[in-house]
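Asker: A single structure is presented below for examination.
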2 protein chains.
Amino acid sequence: MSVDETDAVEPLSAAGKPLTKRGEATRTRLLEAAEHVFAELGYHEASIVRITERAGIGLGTFYLYFDSKQAIFEALAIDLNRRVRHAMSDEMAGATTRIEAERAGFAGFFRFTAEHPALYRVVRESEYVSPGTMRLHYQRIVEGYEEGLRAAQAEGDVDPGLDPEVTAWTLMGIGELIGMRYLLWERPEGQVPRLPDGVFESVMRVVRNALAPGEERR
Amino acid sequence: MSVDETDAVEPLSAAGKPLTKRGEATRTRLLEAAEHVFAELGYHEASIVRITERAGIGLGTFYLYFDSKQAIFEALAIDLNRRVRHAMSDEMAGATTRIEAERAGFAGFFRFTAEHPALYRVVRESEYVSPGTMRLHYQRIVEGYEEGLRAAQAEGDVDPGLDPEVTAWTLMGIGELIGMRYLLWERPEGQVPRLPDGVFESVMRVVRNALAPGEERR
């Protein structure tokens, strides 16, 4: 997988003002609490009170940072999107071929999914709570991905007959359902799950087959 | 894609009794209304009254067929699952090679998704409303799929190095995100969308690459 590194993050107050260092730390604590509350209860059952209680922050203070439950939900979706893309790009930093980059990107994505099960629930619920945010999530991942595939095609590293945009969506689909099946559905009580090596290698064989130019297959 | 044909469907009343022909027709009308109401409003906003109003059926009659909103939601999820699998297997009936079967199965899946956008919403919401139903949806598709891949490997039609179960999940992921992006997000007002031929062919190239044994690639 591949990511776009260009998103600048300047967290703002509810009134649209830049935050102090201390303000940023408070906002981060609220987002961390929101991640747990939304993942556990879902959007409808979650409440601002639950979030502030978990964060140990007063209800009045909440409104300095976010206008509403929907506002913190959207901020969380954007924050998780930024973090999953960074988890992927961090892993990919040393890759020299496209297939190495794919291995690293998928590994980063699966690790993040294991550690942050909220990602799936928030993305899926955002389809109804905030459709624009949901599309942004996928589009931001696809854009960087598409670019990476196009560059690899130019280098002869990827089948030149593939459409980069459609292929990016297929690879995201692979990551999404494998993560759901082998990480979200298999969470040992109180532990962070890990994708079994055999499953990871099987996924990578599918990806390698799908992308490799004819003469380089396997 | 591939499906399991073995699910017997014998609709029952809320009391667990077999239905008359007329009873079956009433139950079907309720499910059709539920498909629209759940797709439009989502589980939380939907109500039994909305469903019976849309079906033109009295509220008292509803309870002869379903105990609760959750019961009709689960019945709808199971019904959509059965119908999407049949849409796929109907298309696949004449296929003689694995790749022909994949083309036909994906075509059936995309056609059904275009005509029944409720499928996605119901499956995704069932993760929280009725987790067992959601897993059943995916598992029923995967089981038949896995079997088809295993048989095709034995015939030399599919890369013998692929793990059939993991591969089935990757192919489902491809179908799911392509359907979301190109069918659910692009619904012209009041029309049933159609996957552009170019997108379909691009998806099939990914699938063909992923599955083909080395010597037969392209």
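Every chain in the structure tokens has a letter given in the order shown (A, B, ...), and although residue numbers restart at 1 in each chain, ligands are simply numbered from 1 in the order shown.
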Run DSSP on the backbone and grab whatever in chain B lands in helix (DSSP H, G or I); send it over as a ChimeraX atom specification.
Answerer: /B:21-45,48-55,59-65,69-92,98-115,118-129,131-154,164-184,197-211,214-216
Asker: At a cut-off of 10 Å, list the chain B residues touching chain A, using only C-alpha atoms, as number ranges by chain.
Answerer: B: 41-42, 44, 121, 124-125, 127-128, 131, 135, 138-139, 159, 161-182, 185, 198-218
Asker: Taking 6 positions as the minimum chain separation for residues in the same chain, which residues sit within 12 Å of range 87-91 of chain B when counting only C-alpha atoms? Answer as a PyMOL selection string.
Answerer: chain B and resi 1-6+80-81+100-116+141+144-145+148+175
Asker: Can I get the selection written as a short mmCIF file (atom, residue, chain, number, x, y, z; two decimals), in the first residue's frame, with C-alpha atoms?
Answerer:
data_model
loop_
_atom_site.label_atom_id
_atom_site.label_comp_id
_atom_site.auth_asym_id
_atom_site.auth_seq_id
_atom_site.Cartn_x
_atom_site.Cartn_y
_atom_site.Cartn_z
CA MET B 1 -16.98 -15.70 -7.36
CA SER B 2 -18.61 -18.90 -6.35
CA VAL B 3 -21.53 -19.92 -4.18
CA ASP B 4 -22.92 -22.66 -2.07
CA GLU B 5 -26.22 -23.87 -3.52
CA THR B 6 -27.32 -25.99 -0.63
CA LEU B 80 -30.18 -10.75 0.71
CA ASN B 81 -27.29 -13.15 1.27
CA GLU B 100 -14.97 -17.60 -16.95
CA ALA B 101 -16.59 -18.50 -13.65
CA GLU B 102 -14.91 -15.50 -11.95
CA ARG B 103 -16.10 -13.12 -14.69
CA ALA B 104 -19.63 -14.44 -14.39
CA GLY B 105 -19.63 -14.44 -10.59
CA PHE B 106 -18.29 -10.87 -10.33
CA ALA B 107 -20.77 -9.73 -13.00
CA GLY B 108 -23.63 -11.27 -11.00
CA PHE B 109 -22.38 -9.68 -7.78
CA PHE B 110 -22.06 -6.22 -9.33
CA ARG B 111 -25.49 -6.47 -10.99
CA PHE B 112 -27.11 -7.46 -7.68
CA THR B 113 -25.28 -4.68 -5.81
CA ALA B 114 -26.48 -2.12 -8.37
CA GLU B 115 -30.08 -3.29 -8.02
CA HIS B 116 -30.01 -3.80 -4.24
CA ILE B 141 -19.98 -16.78 0.35
CA GLY B 144 -18.51 -22.01 -1.77
CA TYR B 145 -15.77 -19.80 -3.11
CA GLY B 148 -14.42 -23.64 -6.26
CA GLY B 175 -15.80 -7.12 -5.04
#
Asker: What separation in Å, quoted to one decimal, exists between CA of Arg85 in chain B and CA of Arg140 in chain B?
Answerer: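 That distance, rounded to one decimal, is 8.7 Å.
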Asker: Please list as a PyMOL selection string every residue within 9 Å of range 63-79 of chain B, counting only C-alpha atoms and excluding residues in the same chain fewer than 2 positions away.
Answerer: chain B and resi 12-16+23+26-27+30-32+34-35+38+43+46-48+59-61+81-84+119+122-123+126+129-130+133-134+136-137
